[in-house]
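Heads up, the thing below is written out as structure tokens.
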Amino acid sequence: MVRVRFAPSPTGYLHIGGARTALFNWMYAQAQGGRFILRIEDTDKARSKPEYLDEILDSMRWLGLNWDELYKQSERFDLYRQYAQKLLDEGKAYKDGEAVLLKMPEKQIKIDDLIRDEITIDTSQIKDQVLLKSDGSPAYSFACVVDDALMQISCVIRGEDHISNTPKQIVIYEALGFNLPKFAHLPLILDDERARLSKRVGAVAVSDYRRQGFLPEAMVNYLMLLGWSPGDNKEKIGLPQAVKKFSIKRINKAGAVFSMDKLKWLNGQYIKEMDDARLALLVTPFLKEKGWDPKAAGKDLPAGQAGLASIIHLFKLRMSTLADFLDWADFIFNDDVSYDEDARTEHLSKNMVREFNLLADRLNAGADFNATTAEEAFRSLVKELGIEAGALVHPVRVALTGRAVGPGLFDTMAVLGKDRTVNRLRCAFREVL
RNA sequence: GGCCCCAUCGUCUAGCCUGGUCAGGACGUCUGCUUCUCAGGCAGAAAACACCGGUUCAAAUCCGGUUGGGGCUACCA
């Protein structure tokens, strides 16, 4: 029975490196029909915080990495003390003050790593290891070995930064008479400088990405591609498919640089393919946080199309994160339109009061107001005035949205509704006059 | 410093195990087409086997070394 574990320490938020380690463990368990265990390594009472634990659990759930068993090391101190006493009794460990240290035997340790093959280390490089600290709490390696053995972990999959801990731990396994698990050391996720990803380069917590509007499926998809590939030139791959193709042997040895560009692209792919209604649901919390009323959105649209989903449909192809919607749709939720200076200079510096008023009159006069009727009114006016459509389209877009870029002009008008469209056209040059 | 790990386009990678295809795909970049703008879509371009030596008829692929990068070196996990 395959049993793997992810063992975060609640001394900080769930890091994307940690999330990827959890993901590979999870995928391996799924692929092998095994169990995925979550073990909270909260032996450092001073640094462990309940809010970090909540955040880690929350992020794990958000990513869809459900666990089969959950343990906390802080509830197992008796166990560690018991095994330390055993080593003391057998003369394999000794006391130094209140602390218990393991005697390091002189020997060659061979790690059989699933990803890197054999790694050999001479223990003469390693000091005697602290098993129990002076305050009675277990040291990391000791608690880790006792737990991995007792929890019958069959394969320890963790970051490459743990390679040098492995020989120390193997010595502990041997001293305790436990069977060794298999080991697999994952390459690290690197920053632009090829150093281990750290806070100074921006967001590292899974919750940060969630807040920025990344989708869990995109996050998981991107993370699994860092150091692993399904091997079929597919970039977009869901968890079930990935599990089918997953193999530890195919994990790379070299570190992988994190690319925000590719993550955004992938997230955009998921957004693009998601249906409007579901997207509307996901965007809603972002609107609320901004103080915008999701129900007010698109109320001016023709019956049947009214609602947030129709608006999202307009911006979907332009969004790479859920939060991008906020920038695009600002002009819909705010009547006090903020103008992009460059756009204004380029498209509204020429006085077009006459054209704008004529257009406003035509739009106002029509019985039905929707994208089609707005376009008909617009086209016929442009024809009568004998000007290029573009000469009026761009200024009008800036007047309505504050920006020179955006969805089709007539869809934009429909979303705003007749009254607001007409109003903004009439007010556009007010400051100038 | 010592020990350990690693090395294909700028980035993520396929290919390496079982030497022999113009070294394939994706992100990003650039160009063209579509178009009221942007985005999207479509078509295309530039872009890599770190270096040296060995084995071999033949090396990205096997071996050794060099260089470069990373990790660890806590009574933190």
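Chain labels A, B, ... are given in the sequence in which chains occur in the structure tokens; within each chain residues are numbered consecutively from 1, and ligands are likewise numbered from 1 in the order shown.
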
Within 6 Å of chain A, which residues of chain B show up? Give each one with its shortest atom-to-atom distance in Å (one decimal) and the two atoms involved, counting only C-alpha atoms (C1' of nucleotides), rows by chain then rising residue number, as a tab-separated table.
residue	atom	partner	partner_atom	distance
B:C6	C1'	A:Ala254	CA	5.3
B:G25	C1'	A:Asn233	CA	5.0
B:C27	C1'	A:Lys262	CA	4.8
B:C36	C1'	A:Gly390	CA	5.3
B:U37	C1'	A:Val405	CA	5.0
B:C38	C1'	A:Val405	CA	4.5
B:A39	C1'	A:Arg318	CA	4.8
B:G40	C1'	A:Leu317	CA	5.8
B:G71	C1'	A:Asp161	CA	5.3
B:C72	C1'	A:Ser164	CA	5.7
B:C75	C1'	A:Lys133	CA	4.5

May I have the residues from that selection written out with C-alpha atoms (C1' of nucleotides), as a PDB file, in the first residue's frame?
ATOM      1  C1'   C B   6      22.225  19.898 -11.070  1.00  0.00           C
ATOM      2  C1'   G B  25       6.215  21.609 -28.220  1.00  0.00           C
ATOM      3  C1'   C B  27       5.324  30.796 -22.546  1.00  0.00           C
ATOM      4  C1'   C B  36     -13.870  50.269 -34.781  1.00  0.00           C
ATOM      5  C1'   U B  37      -9.330  49.752 -30.715  1.00  0.00           C
ATOM      6  C1'   C B  38      -7.397  46.148 -27.450  1.00  0.00           C
ATOM      7  C1'   A B  39      -7.757  41.208 -26.627  1.00  0.00           C
ATOM      8  C1'   G B  40      -8.685  36.631 -29.040  1.00  0.00           C
ATOM      9  C1'   G B  71      21.111  23.280  -1.747  1.00  0.00           C
ATOM     10  C1'   C B  72      22.875  21.943   3.091  1.00  0.00           C
ATOM     11  C1'   C B  75      18.698  22.355  20.450  1.00  0.00           C
TER      12        C B  75
END

Open item on the list: I'd like the contact shell of B:G10 - 10 Å cut-off, only C-alpha atoms (C1' of nucleotides), skipping same-chain residues fewer than 2 positions apart - returned as a VMD selection string.
Closed with: chain B and resid 28 to 29 47

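Omitting B:C16 and its sequence neighbours fewer than 4 positions away, and counting only C-alpha atoms (C1' of nucleotides), the residues within 10 Å are A60, U61 and C62 of chain B.
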
Task: Separation of atom CA of A:Gly17 from atom CA of A:Gln32, in Å and rounded to one decimal - done: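 According to the coordinates, atom CA of A:Gly17 and atom CA of A:Gln32 are separated by 22.8 Å.
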
- [ ] Could you check which of A:His313, A:Lys245, A:Lys299, A:Lys86 is closest to A:Arg278, using only C-alpha atoms?
- [x] A:His313
